[in-house]
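Structure first, then comments.
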Amino acid sequence: MAATALKEQLNGLVNSMFAEGLLDEQFQQLQMLQDGSNPGFVAEVVTLFCEDSERILTELTKLMDQALVDYSKVDAYVHQLKGSSSSVGAQNVKLACIQFRQFCEENNKEGCVRALNVVKHEYYRLRSKFETMLQLESRIQAYENKQQN
Amino acid sequence: MAVATETQFHVLAVDDSLLDRMLIERLLKTSSYQVTTVDSGSKALQILGLQDDQTNSPFVSSDQHDVEVNLIITDYCMPEMTGYDLLKKIKESSSLKDIPVVIMSSENVPSRINRCLEEGAEEFFLKPVQLSDMNRLKPHILKGKYKEQHQQQVLQDDSITSSNKNSNKRKAMDDEISPEMTRPRLTSSLTVL
């Protein structure tokens, strides 16, 4: 059955993300909150996380481009991103944010520039896997809807 | 008066992060609570009937009935009014002080935690909040209900006619108008943005 193959693919993908440290146990908590009455919960949260993160990364890029960097503003955004990545289980992004905040505290411009690049790198790496994940989920959902008709 | 066969407890969740509001709402609903989420301390106070300014701004239609809040769970780090500030305002209010308050924070700062507990918070949850944390809420809600019932008893015994002073209930009473308080109207699962 095609849906089974897709489910195996999805499980494989998610497991590899855990193994690589892209995701942590918090993501499992999200999976536990998804059920028959809320089939789209993980997709909703992941989508929101991505939108939010991209908004924050755009602001951070602007702030870091300033001649005189406002570290308190930068820190506030990184704090937000750290919070949402923690809530979603985006481990590597969260860790990169923690590093970034250290550099903010030291008002270390070079450190912050590098840290922002690491955060971006980790985020985009995660996003592309999330995209695959959501595509697989919606294909599986489509199969299961067909089954019922 | 119609009474629901199974009373659900009602939690007011306060967090400036949309993602975290989504999460806490799902956690609470999965644990069979009715939920209202708001994005700031000032909105929370509005809902609870305490407003800094006295402008009465009804934000839902008048046919909604009042629902009481059995527990408030709030993020600590919020712009303008922190969770701690909100906690203080609640504990300073004679009408709200018995509603149990739980604080959430992504940061494990002992001095922060102690400050909140000293101010009267029941508990401190480290974010991200988990399903298992939801089991820790019921005892606080029941304690709050006990306090409330005890006070109601005292009021009845003293036969005080204006019983709206110490009650943390917001019940719609047909002929009783409270001049100094606004009447917060709540529906379950209302998200005020």
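Residues are named by chain letter and number: chains run A, B, ... in the order of the structure tokens, numbers start at 1 in each chain, and ligands are numbered from 1 in the order shown.
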Find the nearest atom pair between each residue of chain B and chain A for residues within 9 Å, count only C-alpha atoms, give distances in Å to one decimal, sort rows by chain and ascending number, and present the table as CSV.
residue,atom,partner,partner_atom,distance
B:Ser17,CA,A:Ser84,CA,7.9
B:Leu18,CA,A:Leu48,CA,8.4
B:Leu19,CA,A:Ser84,CA,6.7
B:Asp20,CA,A:Ser87,CA,6.9
B:Met22,CA,A:Val45,CA,7.6
B:Leu23,CA,A:Ser87,CA,8.0
B:Arg26,CA,A:Leu33,CA,7.0
B:Leu27,CA,A:Leu33,CA,7.1
B:Thr30,CA,A:Leu33,CA,7.3
B:Ser106,CA,A:Gly83,CA,6.7
B:Lys127,CA,A:Ser87,CA,7.3
B:Pro128,CA,A:Ser87,CA,5.2
B:Val129,CA,A:Ser87,CA,8.0
B:Gln130,CA,A:Gln29,CA,6.9
B:Leu131,CA,A:Gln29,CA,7.4
How would the residues just picked look written out with C-alpha atoms as a compact mmCIF listing (two decimals), in the first residue's frame?
# COMPACT_ATOMS: atom_id res chain seq x y z
CA SER B 17 4.38 34.37 21.60
CA LEU B 18 1.75 33.09 19.18
CA LEU B 19 3.51 29.77 18.88
CA ASP B 20 3.58 29.28 22.63
CA MET B 22 -0.89 27.61 20.31
CA LEU B 23 1.07 25.07 22.28
CA ARG B 26 -3.40 22.43 22.84
CA LEU B 27 -1.78 21.15 26.05
CA THR B 30 -5.85 17.83 25.61
CA SER B 106 12.25 29.58 29.31
CA LYS B 127 9.45 26.04 29.16
CA PRO B 128 8.82 24.22 26.98
CA VAL B 129 5.83 23.14 29.00
CA GLN B 130 5.03 19.44 28.73
CA LEU B 131 1.89 17.36 28.87
| said: Please report the interatomic distance between CA of Pro139 in chain B and CA of Phe27 in chain A in Å with one decimal. | reply: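 So the two atoms, CA of Pro139 in chain B and CA of Phe27 in chain A, lie 27.7 Å apart.
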| task | Would you mind reading off the distance between CA of Glu51 in chain A and CA of Gln28 in chain A, one decimal, in Å? | result | 20.9 Å
| said: At a cut-off of 7 Å, using only C-alpha atoms, what residues contact range 107-114 of chain A? Leave out same-chain residues fewer than 5 positions from it and give the result as a PyMOL selection string. | reply: chain A and resi 64+71+100
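Reported to one decimal place, the separation of CA of Leu116 in chain A from CA of Leu68 in chain A is 16.4 Å.
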| message | List the spatial neighbours of range 18-22 of chain A as an MDAnalysis selection string - criterion: any atom at most 10 Å away, only C-alpha atoms, same-chain residues fewer than 6 positions off excluded. | response | chainID A and resid 12 28 89:94 122:123 125:126 129
Determine which residues of range 64-126 of chain B DSSP labels as helix (DSSP H, G or I) from the backbone of this structure, then write them out as a PDB file with C-alpha atoms, in the first residue's frame.
ATOM      1  CA  GLY B  83       4.297  37.800  34.238  1.00  0.00           C
ATOM      2  CA  TYR B  84       5.577  38.944  37.594  1.00  0.00           C
ATOM      3  CA  ASP B  85       3.859  42.340  37.235  1.00  0.00           C
ATOM      4  CA  LEU B  86       0.654  40.572  36.297  1.00  0.00           C
ATOM      5  CA  LEU B  87       0.978  38.238  39.274  1.00  0.00           C
ATOM      6  CA  LYS B  88       1.405  41.213  41.600  1.00  0.00           C
ATOM      7  CA  LYS B  89      -1.656  42.971  40.245  1.00  0.00           C
ATOM      8  CA  ILE B  90      -3.725  39.827  40.669  1.00  0.00           C
ATOM      9  CA  LYS B  91      -2.566  39.252  44.231  1.00  0.00           C
ATOM     10  CA  GLU B  92      -3.220  42.896  45.088  1.00  0.00           C
ATOM     11  CA  PRO B 110      16.447  30.763  40.836  1.00  0.00           C
ATOM     12  CA  SER B 111      16.080  34.367  42.024  1.00  0.00           C
ATOM     13  CA  ARG B 112      13.293  34.892  39.498  1.00  0.00           C
ATOM     14  CA  ILE B 113      11.557  31.700  40.542  1.00  0.00           C
ATOM     15  CA  ASN B 114      11.762  32.582  44.235  1.00  0.00           C
ATOM     16  CA  ARG B 115      10.504  36.096  43.641  1.00  0.00           C
ATOM     17  CA  CYS B 116       7.436  34.723  41.907  1.00  0.00           C
ATOM     18  CA  LEU B 117       6.755  32.081  44.516  1.00  0.00           C
ATOM     19  CA  GLU B 118       7.129  34.673  47.266  1.00  0.00           C
ATOM     20  CA  GLU B 119       4.673  36.915  45.501  1.00  0.00           C
TER      21      GLU B 119
END
